[in-house]
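Asks: For reference, the file protein-v1.cif (mmCIF, C-alpha atoms) is included below:
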```cif
data_run
loop_
_atom_site.label_atom_id
_atom_site.label_comp_id
_atom_site.auth_asym_id
_atom_site.auth_seq_id
_atom_site.Cartn_x
_atom_site.Cartn_y
_atom_site.Cartn_z
CA MET A 1 18.87 10.01 -25.94
CA SER A 2 15.75 9.85 -28.15
CA ALA A 3 13.47 12.83 -28.74
CA ASN A 4 10.59 11.13 -26.95
CA ARG A 5 12.72 10.45 -23.88
CA ARG A 6 14.01 14.02 -23.76
CA THR A 7 10.42 15.28 -23.98
CA TRP A 8 9.24 12.93 -21.23
CA LEU A 9 12.00 13.96 -18.86
CA LYS A 10 11.31 17.59 -19.68
CA TYR A 11 7.70 17.21 -18.55
CA VAL A 12 8.74 15.55 -15.27
CA GLY A 13 11.24 18.33 -14.69
CA ALA A 14 8.70 20.98 -15.59
CA GLY A 15 6.22 19.54 -13.13
CA MET A 16 8.78 19.69 -10.33
CA ALA A 17 9.98 23.14 -11.32
CA GLY A 18 6.44 24.44 -11.34
CA ILE A 19 5.63 23.33 -7.84
CA SER A 20 8.96 24.60 -6.51
CA LEU A 21 7.81 28.13 -7.26
CA LEU A 22 4.88 27.87 -4.86
CA PRO A 23 4.67 26.88 -1.19
CA LEU A 24 3.33 23.42 -0.42
CA GLN A 25 0.63 24.95 1.76
CA SER A 26 -0.97 26.54 -1.30
CA PHE A 27 -1.56 23.14 -2.84
CA THR A 28 -2.89 21.80 0.46
CA ASP A 29 -5.29 24.75 0.66
CA THR A 30 -6.42 24.14 -2.90
CA PHE A 31 -7.08 20.48 -2.13
CA HIS A 32 -9.13 21.34 0.93
CA GLU A 33 -11.17 23.89 -1.02
CA GLN A 34 -12.00 21.31 -3.67
CA HIS A 35 -12.62 18.59 -1.13
CA GLU A 36 -14.86 20.65 1.13
CA ALA A 37 -17.02 21.57 -1.85
CA LEU A 38 -17.87 17.87 -2.16
CA ASP A 39 -18.03 17.13 1.55
CA THR A 40 -21.76 17.55 2.05
CA ALA A 41 -24.15 15.38 4.01
CA ASP A 42 -25.06 13.60 0.75
CA ALA A 43 -21.51 13.00 -0.54
CA VAL A 44 -20.09 9.50 -0.25
CA LEU A 45 -17.32 9.41 2.33
CA ARG A 46 -14.69 6.88 1.18
CA LEU A 47 -13.00 5.37 4.21
CA SER A 48 -12.67 1.81 2.96
CA SER A 49 -9.59 1.45 0.75
CA ASN A 50 -6.78 3.27 2.61
CA GLU A 51 -6.38 5.88 -0.11
CA ASN A 52 -4.37 9.05 0.48
CA PRO A 53 -6.91 11.92 0.66
CA TYR A 54 -4.18 14.51 -0.01
CA GLY A 55 -2.77 13.06 -3.20
CA PRO A 56 -1.63 12.77 -5.89
CA SER A 57 1.25 15.15 -5.44
CA PRO A 58 0.83 18.43 -7.35
CA ALA A 59 4.03 17.51 -9.17
CA ALA A 60 2.53 14.17 -10.22
CA ILE A 61 -0.63 15.86 -11.48
CA ALA A 62 1.41 18.40 -13.46
CA ALA A 63 3.59 15.70 -14.99
CA MET A 64 0.62 13.50 -15.95
CA THR A 65 -1.27 16.40 -17.49
CA ALA A 66 1.72 17.57 -19.48
CA VAL A 67 2.56 14.16 -20.92
CA LEU A 68 -0.93 13.10 -22.02
CA LYS A 69 -0.25 14.44 -25.51
CA LEU A 70 2.37 11.69 -25.90
CA SER A 71 -0.03 8.87 -25.04
CA ASN A 72 -0.30 7.89 -28.70
CA ARG A 73 3.24 6.49 -28.46
CA TYR A 74 4.56 3.40 -26.70
CA ASN A 75 7.05 4.23 -23.98
CA PHE A 76 9.77 1.79 -25.04
CA ASP A 77 12.51 4.37 -24.67
CA VAL A 78 11.53 5.82 -21.30
CA SER A 79 10.63 2.81 -19.15
CA SER A 80 14.17 2.53 -17.81
CA ASP A 81 14.10 5.99 -16.20
CA LEU A 82 11.53 5.11 -13.55
CA ILE A 83 13.38 1.87 -12.82
CA ALA A 84 16.58 3.85 -12.34
CA ALA A 85 14.83 6.28 -10.00
CA ILE A 86 13.38 3.45 -7.90
CA ALA A 87 16.75 1.71 -7.77
CA ALA A 88 18.45 4.92 -6.64
CA LYS A 89 15.87 5.45 -3.90
CA HIS A 90 16.62 2.02 -2.43
CA GLU A 91 20.36 2.07 -3.20
CA LEU A 92 20.02 -0.92 -5.51
CA GLY A 93 20.67 -1.63 -9.18
CA ALA A 94 18.20 -1.45 -12.03
CA ASP A 95 18.32 -5.24 -12.23
CA ASN A 96 16.82 -5.40 -8.72
CA VAL A 97 13.56 -3.76 -9.88
CA LEU A 98 10.43 -4.99 -11.61
CA VAL A 99 7.64 -2.46 -12.23
CA THR A 100 4.02 -3.62 -12.60
CA ALA A 101 0.47 -2.31 -12.76
CA GLY A 102 -0.01 -2.09 -9.01
CA SER A 103 1.44 -4.39 -6.34
CA THR A 104 -1.50 -6.78 -6.78
CA GLU A 105 -0.11 -7.82 -10.17
CA LEU A 106 3.08 -8.85 -8.42
CA LEU A 107 1.16 -10.77 -5.79
CA ASP A 108 -0.67 -12.61 -8.56
CA LEU A 109 2.68 -13.50 -10.13
CA MET A 110 4.12 -15.04 -6.97
CA PRO A 111 2.21 -18.36 -7.02
CA ARG A 112 3.21 -18.81 -10.66
CA TYR A 113 6.82 -18.01 -9.77
CA ASN A 114 6.75 -20.69 -7.11
CA GLY A 115 6.16 -23.42 -9.68
CA THR A 116 3.53 -25.62 -11.24
CA SER A 117 3.80 -28.23 -8.50
CA ARG A 118 1.39 -26.14 -6.42
CA GLY A 119 1.84 -26.89 -2.72
CA SER A 120 0.96 -24.45 0.06
CA PHE A 121 1.58 -20.90 1.18
CA VAL A 122 1.50 -19.36 4.67
CA VAL A 123 -0.22 -16.11 5.63
CA SER A 124 -1.44 -14.42 8.79
CA GLU A 125 -5.16 -14.22 9.46
CA PRO A 126 -6.37 -11.59 8.92
CA THR A 127 -4.05 -9.93 6.43
CA PHE A 128 -4.15 -8.58 2.88
CA ALA A 129 -4.69 -11.89 1.12
CA TYR A 130 -7.14 -11.22 -1.71
CA TRP A 131 -4.48 -12.51 -4.09
CA GLY A 132 -4.60 -15.81 -2.18
CA LYS A 133 -8.01 -16.59 -3.63
CA LEU A 134 -6.51 -16.79 -7.11
CA ALA A 135 -3.66 -18.95 -5.80
CA GLU A 136 -6.17 -21.34 -4.24
CA LYS A 137 -8.15 -21.52 -7.49
CA ASN A 138 -4.93 -22.56 -9.18
CA GLY A 139 -4.33 -25.45 -6.81
CA PHE A 140 -2.35 -23.94 -3.93
CA GLN A 141 -3.47 -24.51 -0.35
CA LYS A 142 -3.57 -21.59 2.05
CA ILE A 143 -2.27 -22.10 5.59
CA SER A 144 -3.66 -19.37 7.84
CA VAL A 145 -1.92 -18.48 11.10
CA PRO A 146 -3.89 -16.51 13.72
CA LEU A 147 -2.51 -13.23 15.02
CA THR A 148 -1.18 -12.90 18.55
CA ALA A 149 -3.47 -11.62 21.31
CA ASP A 150 -2.26 -8.06 20.66
CA LYS A 151 -3.03 -8.41 16.93
CA LYS A 152 0.53 -8.82 15.70
CA GLU A 153 1.77 -11.34 13.15
CA ASP A 154 2.94 -14.46 14.97
CA LEU A 155 6.27 -15.05 13.25
CA SER A 156 7.26 -18.12 15.25
CA ALA A 157 3.88 -19.74 14.57
CA MET A 158 4.24 -18.95 10.88
CA LEU A 159 7.58 -20.71 10.81
CA SER A 160 6.05 -23.72 12.54
CA ALA A 161 3.14 -23.78 10.09
CA MET A 162 5.40 -24.26 7.08
CA ARG A 163 5.15 -27.75 5.60
CA ALA A 164 7.34 -29.77 3.27
CA ASP A 165 5.19 -28.58 0.33
CA THR A 166 5.16 -24.90 1.38
CA THR A 167 6.67 -22.70 -1.32
CA MET A 168 5.92 -19.20 -0.05
CA VAL A 169 5.22 -17.21 3.10
CA TYR A 170 3.62 -13.76 2.88
CA LEU A 171 3.99 -10.92 5.37
CA CYS A 172 2.28 -7.55 5.11
CA ASN A 173 4.38 -5.19 7.21
CA PRO A 174 2.79 -3.06 8.57
CA ASN A 175 -0.11 -5.46 8.44
CA ASN A 176 -3.42 -4.70 6.76
CA PRO A 177 -6.00 -4.59 8.37
CA THR A 178 -4.51 -4.40 11.87
CA GLY A 179 -1.89 -1.67 11.37
CA SER A 180 0.55 -3.59 13.57
CA ILE A 181 4.23 -3.87 12.68
CA CYS A 182 7.12 -6.28 13.19
CA THR A 183 10.33 -4.83 14.57
CA THR A 184 13.28 -4.73 12.21
CA ALA A 185 15.27 -7.25 14.24
CA GLU A 186 12.52 -9.86 14.49
CA LEU A 187 11.59 -9.47 10.83
CA LYS A 188 15.19 -9.90 9.68
CA ALA A 189 15.53 -13.01 11.84
CA PHE A 190 12.30 -14.42 10.41
CA ILE A 191 13.39 -13.77 6.83
CA ALA A 192 16.77 -15.39 7.42
CA GLU A 193 15.17 -18.56 8.77
CA ALA A 194 12.11 -18.88 6.51
CA SER A 195 14.02 -18.13 3.29
CA LYS A 196 16.18 -21.20 3.81
CA ARG A 197 13.14 -23.21 2.72
CA VAL A 198 10.67 -20.96 0.89
CA THR A 199 10.22 -17.64 -0.88
CA VAL A 200 9.48 -14.86 1.60
CA VAL A 201 7.30 -12.04 0.26
CA VAL A 202 7.26 -8.86 2.35
CA ASP A 203 4.54 -6.40 1.34
CA GLU A 204 5.60 -2.89 2.37
CA ALA A 205 2.59 -0.96 1.08
CA TYR A 206 2.43 1.14 4.26
CA ILE A 207 6.07 1.29 5.37
CA GLU A 208 6.36 4.96 4.34
CA TYR A 209 3.97 5.82 7.16
CA THR A 210 6.66 4.61 9.59
CA SER A 211 10.31 5.24 10.32
CA GLU A 212 11.16 1.54 9.97
CA PRO A 213 13.64 0.59 7.22
CA SER A 214 12.67 -1.41 4.17
CA MET A 215 13.82 -5.00 3.92
CA SER A 216 15.08 -4.19 0.42
CA SER A 217 18.63 -3.91 1.77
CA LEU A 218 18.65 -7.71 2.07
CA VAL A 219 17.67 -8.67 -1.47
CA ASN A 220 21.13 -8.82 -3.04
CA THR A 221 22.21 -11.51 -0.59
CA ASN A 222 18.95 -13.47 -0.51
CA LYS A 223 17.40 -14.88 -3.68
CA ASN A 224 14.36 -16.07 -1.73
CA LEU A 225 13.26 -12.61 -0.61
CA VAL A 226 10.85 -10.44 -2.63
CA VAL A 227 9.91 -7.00 -1.30
CA ILE A 228 6.74 -5.52 -2.78
CA LYS A 229 6.09 -1.77 -2.89
CA THR A 230 3.29 0.43 -4.20
CA PHE A 231 2.59 4.02 -5.25
CA SER A 232 -1.06 3.59 -4.20
CA LYS A 233 -0.80 4.68 -0.56
CA ILE A 234 1.33 7.59 0.65
CA TYR A 235 2.07 8.65 -2.94
CA GLY A 236 -1.66 8.93 -3.66
CA LEU A 237 -1.62 7.09 -6.99
CA ALA A 238 -4.09 4.27 -6.32
CA GLY A 239 -5.96 4.98 -9.55
CA ALA A 240 -2.75 5.11 -11.60
CA ARG A 241 -2.05 1.42 -10.79
CA ILE A 242 1.69 1.26 -10.33
CA GLY A 243 3.82 -0.85 -8.01
CA TYR A 244 7.14 -2.66 -8.04
CA ALA A 245 9.16 -5.54 -6.67
CA LEU A 246 12.67 -5.40 -5.25
CA ALA A 247 14.60 -8.66 -5.35
CA HIS A 248 17.87 -10.35 -6.31
CA PRO A 249 18.65 -9.89 -10.05
CA ASP A 250 18.16 -13.61 -10.67
CA THR A 251 14.76 -13.49 -8.99
CA ILE A 252 13.73 -10.40 -10.95
CA GLU A 253 14.75 -12.15 -14.16
CA ALA A 254 12.66 -15.19 -13.28
CA LEU A 255 9.64 -13.03 -12.43
CA SER A 256 10.08 -11.10 -15.67
CA GLN A 257 9.79 -14.32 -17.64
CA LEU A 258 6.22 -14.67 -16.37
CA GLN A 259 5.15 -11.44 -18.08
CA THR A 260 4.41 -10.83 -21.74
CA TRP A 261 6.02 -7.40 -21.62
CA SER A 262 8.24 -7.02 -18.59
CA ASN A 263 8.17 -3.47 -17.16
CA GLY A 264 6.01 -2.43 -20.11
CA ASP A 265 2.43 -2.62 -18.87
CA ILE A 266 2.43 0.82 -17.19
CA SER A 267 0.99 3.83 -18.97
CA LEU A 268 3.20 6.80 -19.76
CA ALA A 269 1.09 9.02 -17.49
CA SER A 270 1.51 6.61 -14.57
CA ARG A 271 5.26 6.46 -15.11
CA VAL A 272 5.74 10.22 -15.03
CA ALA A 273 3.43 10.48 -12.01
CA ALA A 274 5.53 7.95 -10.11
CA MET A 275 8.75 9.66 -11.14
CA ALA A 276 7.51 13.05 -9.99
CA SER A 277 6.15 11.59 -6.75
CA LEU A 278 9.54 10.12 -5.85
CA LYS A 279 11.09 13.57 -6.23
CA ASP A 280 8.37 15.41 -4.29
CA VAL A 281 9.58 14.34 -0.85
CA GLU A 282 8.12 17.40 0.87
CA PHE A 283 4.63 16.42 -0.20
CA THR A 284 4.87 12.85 1.11
CA LYS A 285 6.38 14.18 4.34
CA HIS A 286 3.41 16.52 4.67
CA CYS A 287 0.97 13.65 4.01
CA ARG A 288 2.52 11.57 6.77
CA GLN A 289 2.36 14.47 9.22
CA GLN A 290 -1.28 15.11 8.38
CA ASN A 291 -2.09 11.42 8.71
CA ASP A 292 -0.45 11.21 12.15
CA THR A 293 -2.44 14.21 13.39
CA VAL A 294 -5.79 13.02 12.09
CA LYS A 295 -5.14 9.43 13.19
CA ALA A 296 -4.47 10.62 16.75
CA TYR A 297 -7.77 12.51 16.68
CA THR A 298 -9.61 9.43 15.38
CA VAL A 299 -8.19 7.18 18.08
CA GLU A 300 -9.08 9.78 20.71
CA GLN A 301 -12.68 9.80 19.49
CA LEU A 302 -12.84 6.01 19.43
CA ASN A 303 -11.55 5.97 23.00
CA ARG A 304 -14.24 8.45 23.95
CA LEU A 305 -16.81 6.00 22.59
CA LYS A 306 -15.08 3.19 24.51
CA LEU A 307 -14.06 1.45 21.30
CA LYS A 308 -10.74 -0.32 21.73
CA SER A 309 -8.22 0.12 18.92
CA ILE A 310 -4.83 -1.33 17.98
CA PRO A 311 -1.82 1.04 17.78
CA SER A 312 -1.59 1.82 14.07
CA HIS A 313 1.55 2.31 11.97
CA THR A 314 -0.49 3.03 8.84
CA ASN A 315 -3.21 5.31 7.46
CA PHE A 316 -6.05 3.27 8.98
CA VAL A 317 -7.24 2.15 12.40
CA TYR A 318 -8.32 -1.34 13.48
CA PHE A 319 -10.85 -1.26 16.29
CA SER A 320 -13.33 -3.42 18.15
CA LEU A 321 -17.11 -2.94 18.09
CA GLU A 322 -17.52 -5.19 21.09
CA GLY A 323 -19.85 -3.44 23.52
CA TYR A 324 -20.99 -0.89 20.92
CA GLN A 325 -24.73 -0.60 21.35
CA LYS A 326 -25.64 0.79 17.93
CA ASP A 327 -25.73 -0.84 14.50
CA TYR A 328 -22.39 0.45 13.25
CA PHE A 329 -22.63 -0.78 9.67
CA GLU A 330 -26.21 0.41 9.27
CA LEU A 331 -25.19 3.87 10.50
CA LEU A 332 -22.45 4.02 7.90
CA LYS A 333 -24.87 2.96 5.19
CA GLN A 334 -27.48 5.53 6.21
CA HIS A 335 -24.93 8.36 6.17
CA ASN A 336 -23.13 7.42 2.94
CA VAL A 337 -19.92 6.37 4.64
CA GLN A 338 -17.95 3.59 2.98
CA GLY A 339 -16.33 1.47 5.68
CA THR A 340 -15.13 -2.11 5.51
CA TYR A 341 -16.58 -5.16 7.27
CA MET A 342 -16.01 -7.33 10.34
CA TYR A 343 -12.65 -9.02 9.91
CA GLU A 344 -12.82 -11.02 13.14
CA PRO A 345 -16.21 -11.99 14.60
CA MET A 346 -14.61 -12.63 17.98
CA GLY A 347 -14.14 -9.14 19.32
CA LYS A 348 -16.02 -7.65 16.37
CA TRP A 349 -12.93 -6.08 14.79
CA THR A 350 -13.24 -3.71 11.85
CA ARG A 351 -11.07 -1.16 10.05
CA ILE A 352 -11.51 2.47 9.01
CA THR A 353 -9.27 4.54 6.74
CA VAL A 354 -7.89 7.79 8.13
CA GLY A 355 -9.18 10.57 5.88
CA THR A 356 -8.86 14.32 6.32
CA MET A 357 -9.73 15.96 9.62
CA GLU A 358 -13.07 17.06 8.16
CA GLU A 359 -13.83 13.52 7.02
CA MET A 360 -12.99 11.95 10.36
CA ARG A 361 -15.06 14.51 12.23
CA ARG A 362 -17.98 13.53 10.03
CA PHE A 363 -17.27 9.82 10.63
CA THR A 364 -17.07 10.13 14.42
CA LYS A 365 -20.23 12.24 14.44
CA VAL A 366 -22.06 9.49 12.52
CA ILE A 367 -21.09 6.74 14.96
CA GLY A 368 -21.17 8.88 18.14
#
```
Could you express the structure from this file as structure tokens?
Replies:
Amino acid sequence: MSANRRTWLKYVGAGMAGISLLPLQSFTDTFHEQHEALDTADAVLRLSSNENPYGPSPAAIAAMTAVLKLSNRYNFDVSSDLIAAIAAKHELGADNVLVTAGSTELLDLMPRYNGTSRGSFVVSEPTFAYWGKLAEKNGFQKISVPLTADKKEDLSAMLSAMRADTTMVYLCNPNNPTGSICTTAELKAFIAEASKRVTVVVDEAYIEYTSEPSMSSLVNTNKNLVVIKTFSKIYGLAGARIGYALAHPDTIEALSQLQTWSNGDISLASRVAAMASLKDVEFTKHCRQQNDTVKAYTVEQLNRLKLKSIPSHTNFVYFSLEGYQKDYFELLKQHNVQGTYMYEPMGKWTRITVGTMEEMRRFTKVIG
């Protein structure tokens, strides 16, 4: 083992050892003290991008801080350690993993992976499909499939929408912006059928907010399945830009050929942060518990205002402004609250991120 690698692993271990000496609540208290100092009437309230208001993990912060002094060196000799940790988490091999600068980089790779012949791809509408704009610019045609009446992804309709030239179908599960989720059984059945003809991409950015299993257990027997994961949500590393794909080794190899430096475009600080975050399971468990509590409060307040919402399996809530008598978006603007926009004009559906309890009390006060 090289000196650099030993040093890197020492910093990750030191970060974990340091936080093990103190109760998790102390870090939560510290966060709230810092956060509340900024939470004034004039502070911008960020409820637009589904960020984790409790992260990064204290272990991740400690690891990043400690390793910054090594940022003058390339991390050739340490990149495999994060891959090994991710593989172990999902009970897969290192050759099942491709690490990238955020899951969006992977989504941008998928149209290129599916060939130069272009063709079409199938997505739900609405869903997280910003990457689709780039695919369309490069000659692919998007086939949009409306959600069901209860705002779930219509898997049977997506199968029917596939054409002879369709090369990929994309599912965000749980879905963004609706927060709805496919059951494990129906999703497995959909993957089995759709992957006979096309590449199936399952984006699991929010799966850690649920008790549903990842579809990663299927990748070794299905070359046409790519599962995309991110450290941006429950791990609180949105600014660190780190995500990964789980797929069959042959698929990972093919995706790697589309990159100049496979698994090498992640900073050393981001790598150690991800590594420490994977180990700090108590912190992510705490984040999920906090999210569930504050989300329940938010839904309760929306109900009080007679604003219908969709049951959410994520860290955001999708709700209807139909019947709301005030100018919702103008109120947000006037009170420095960053929300989103109207995803569906029919029903006036919008989305709001679940922040801390203090943040959501401020939000509901603004719109109440």
Asks: To test your reading of the syntax: which residues would the PyMOL selection byres ((chain A and resi 213-228) around 10) return for the file shown? Reply as a PyMOL selection string.
Replies: chain A and resi 90-93+96-99+102-104+106-107+110+168-173+183-184+187-188+191-192+194-205+207-208+210-212+229-230+243-252
Asks: Name the residues in contact with Ser277 in chain A at a cut-off of 8 Å, using all atoms listed in the file, excluding same-chain residues fewer than 2 positions from it; report them as an MDAnalysis selection string.
Replies: chainID A and resid 56:57 59:60 235 273:275 279:281
Asks: Would you kindly return, as a PyMOL selection string, each protein, DNA or RNA residue with an atom no farther than 9 Å from any atom of range 307-323 of chain A, considering all atoms listed in the file and excluding same-chain residues fewer than 3 positions away?
Replies: chain A and resi 47+50-52+150-151+174-181+206-210+233-234+288+291-292+295+298-299+301-304+328+342+346-355
Asks: So that I can see what lies close to Val44 in chain A, please list as a ChimeraX atom specification the residues with an atom at most 8 Å from it, counting only C-alpha atoms and leaving out residues fewer than 2 positions away in the same chain.
Replies: /A:42,46,336-338
Asks: Just give me the residues with any atom within 12 Å of (-6.7, -14.3, 7.0), file coordinates, counting only C-alpha atoms, written as number ranges by chain.
Replies: A: 122-133, 142-147, 153, 170-172, 175-178, 343-344
Asks: Pick from A:Glu358, A:Tyr297, A:Ile367, A:Ile266: nearest to Ser71 in chain A, with all atoms listed in the file counted?
Replies: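 Of all the options, A:Ile266 lies closest to Ser71 in chain A.
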Asks: What does the distance between CA of Tyr54 in chain A and CA of Leu237 in chain A come to in Å, to one decimal place?
Replies: 10.5 Å
Asks: Just want the 9 Å neighbourhood of range 260-265 of chain A, counted on all atoms listed in the file, with same-chain residues fewer than 4 positions away dropped. Output as a list in words.
Replies: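 Those residues are Tyr74, Asn75, Phe76, Ser79, Ser80, Ile83, Leu98, Val99, Thr100, Ala101, Leu255 and Ser256 of chain A.
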Asks: Keeping only C-alpha atoms, write those residues as a PDB file, in the coordinates of the input.
Replies:
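File out05.pdb, as written:
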```
ATOM      1  CA  TYR A  74       4.560   3.400 -26.700  1.00  0.00           C
ATOM      2  CA  ASN A  75       7.050   4.230 -23.980  1.00  0.00           C
ATOM      3  CA  PHE A  76       9.770   1.790 -25.040  1.00  0.00           C
ATOM      4  CA  SER A  79      10.630   2.810 -19.150  1.00  0.00           C
ATOM      5  CA  SER A  80      14.170   2.530 -17.810  1.00  0.00           C
ATOM      6  CA  ILE A  83      13.380   1.870 -12.820  1.00  0.00           C
ATOM      7  CA  LEU A  98      10.430  -4.990 -11.610  1.00  0.00           C
ATOM      8  CA  VAL A  99       7.640  -2.460 -12.230  1.00  0.00           C
ATOM      9  CA  THR A 100       4.020  -3.620 -12.600  1.00  0.00           C
ATOM     10  CA  ALA A 101       0.470  -2.310 -12.760  1.00  0.00           C
ATOM     11  CA  LEU A 255       9.640 -13.030 -12.430  1.00  0.00           C
ATOM     12  CA  SER A 256      10.080 -11.100 -15.670  1.00  0.00           C
TER      13      SER A 256
END
```
Asks: In Å, how far is it from CA of Leu109 in chain A to CA of Glu253 in chain A?
Replies: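 Calculated distance between CA of Leu109 in chain A and CA of Glu253 in chain A is 12.8 Å.
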Asks: Show me that you can extract range 158-165 of chain A, keeping all heavy atoms, and write it as a PDB file, in the first residue's frame.
Replies:
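Listed below is the output, decode27.pdb:
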```pdb
ATOM      1  N   MET A 158     -45.790   2.953 -20.197  1.00  0.00           N
ATOM      2  CA  MET A 158     -44.415   3.166 -20.635  1.00  0.00           C
ATOM      3  C   MET A 158     -43.948   2.019 -21.521  1.00  0.00           C
ATOM      4  O   MET A 158     -43.244   2.235 -22.515  1.00  0.00           O
ATOM      5  CB  MET A 158     -43.496   3.335 -19.417  1.00  0.00           C
ATOM      6  CG  MET A 158     -43.778   4.601 -18.613  1.00  0.00           C
ATOM      7  SD  MET A 158     -42.708   4.824 -17.185  1.00  0.00           S
ATOM      8  CE  MET A 158     -41.207   5.449 -17.983  1.00  0.00           C
ATOM      9  N   LEU A 159     -44.337   0.810 -21.167  1.00  0.00           N
ATOM     10  CA  LEU A 159     -44.013  -0.333 -22.027  1.00  0.00           C
ATOM     11  C   LEU A 159     -44.662  -0.187 -23.402  1.00  0.00           C
ATOM     12  O   LEU A 159     -44.030  -0.431 -24.438  1.00  0.00           O
ATOM     13  CB  LEU A 159     -44.476  -1.632 -21.366  1.00  0.00           C
ATOM     14  CG  LEU A 159     -43.625  -2.193 -20.237  1.00  0.00           C
ATOM     15  CD1 LEU A 159     -44.329  -3.388 -19.595  1.00  0.00           C
ATOM     16  CD2 LEU A 159     -42.238  -2.601 -20.745  1.00  0.00           C
ATOM     17  N   SER A 160     -45.904   0.238 -23.405  1.00  0.00           N
ATOM     18  CA  SER A 160     -46.633   0.397 -24.666  1.00  0.00           C
ATOM     19  C   SER A 160     -46.064   1.532 -25.515  1.00  0.00           C
ATOM     20  O   SER A 160     -46.177   1.501 -26.748  1.00  0.00           O
ATOM     21  CB  SER A 160     -48.115   0.667 -24.377  1.00  0.00           C
ATOM     22  OG  SER A 160     -48.707  -0.415 -23.694  1.00  0.00           O
ATOM     23  N   ALA A 161     -45.463   2.514 -24.872  1.00  0.00           N
ATOM     24  CA  ALA A 161     -44.935   3.679 -25.596  1.00  0.00           C
ATOM     25  C   ALA A 161     -43.617   3.384 -26.304  1.00  0.00           C
ATOM     26  O   ALA A 161     -43.204   4.145 -27.193  1.00  0.00           O
ATOM     27  CB  ALA A 161     -44.751   4.845 -24.624  1.00  0.00           C
ATOM     28  N   MET A 162     -42.952   2.317 -25.932  1.00  0.00           N
ATOM     29  CA  MET A 162     -41.682   1.969 -26.561  1.00  0.00           C
ATOM     30  C   MET A 162     -41.877   1.636 -28.036  1.00  0.00           C
ATOM     31  O   MET A 162     -42.794   0.917 -28.393  1.00  0.00           O
ATOM     32  CB  MET A 162     -41.031   0.787 -25.817  1.00  0.00           C
ATOM     33  CG  MET A 162     -40.531   1.154 -24.436  1.00  0.00           C
ATOM     34  SD  MET A 162     -40.189  -0.293 -23.362  1.00  0.00           S
ATOM     35  CE  MET A 162     -39.281  -1.346 -24.464  1.00  0.00           C
ATOM     36  N   ARG A 163     -41.007   2.205 -28.872  1.00  0.00           N
ATOM     37  CA  ARG A 163     -41.074   1.976 -30.310  1.00  0.00           C
ATOM     38  C   ARG A 163     -39.906   1.108 -30.773  1.00  0.00           C
ATOM     39  O   ARG A 163     -39.028   0.751 -29.978  1.00  0.00           O
ATOM     40  CB  ARG A 163     -41.025   3.322 -31.047  1.00  0.00           C
ATOM     41  CG  ARG A 163     -42.072   4.311 -30.595  1.00  0.00           C
ATOM     42  CD  ARG A 163     -42.078   5.569 -31.452  1.00  0.00           C
ATOM     43  NE  ARG A 163     -40.787   6.167 -31.712  1.00  0.00           N
ATOM     44  CZ  ARG A 163     -40.579   7.471 -31.843  1.00  0.00           C
ATOM     45  NH1 ARG A 163     -41.603   8.315 -31.710  1.00  0.00           N
ATOM     46  NH2 ARG A 163     -39.374   7.942 -32.108  1.00  0.00           N
ATOM     47  N   ALA A 164     -39.893   0.808 -32.050  1.00  0.00           N
ATOM     48  CA  ALA A 164     -38.810  -0.002 -32.604  1.00  0.00           C
ATOM     49  C   ALA A 164     -37.467   0.698 -32.458  1.00  0.00           C
ATOM     50  O   ALA A 164     -36.420   0.048 -32.322  1.00  0.00           O
ATOM     51  CB  ALA A 164     -39.091  -0.310 -34.066  1.00  0.00           C
ATOM     52  N   ASP A 165     -37.471   2.063 -32.470  1.00  0.00           N
ATOM     53  CA  ASP A 165     -36.218   2.800 -32.368  1.00  0.00           C
ATOM     54  C   ASP A 165     -35.898   3.234 -30.938  1.00  0.00           C
ATOM     55  O   ASP A 165     -34.925   3.960 -30.707  1.00  0.00           O
ATOM     56  CB  ASP A 165     -36.238   4.027 -33.284  1.00  0.00           C
ATOM     57  CG  ASP A 165     -37.209   5.109 -32.810  1.00  0.00           C
ATOM     58  OD1 ASP A 165     -38.076   4.816 -31.952  1.00  0.00           O
ATOM     59  OD2 ASP A 165     -37.089   6.256 -33.285  1.00  0.00           O
TER      60      ASP A 165
END
```
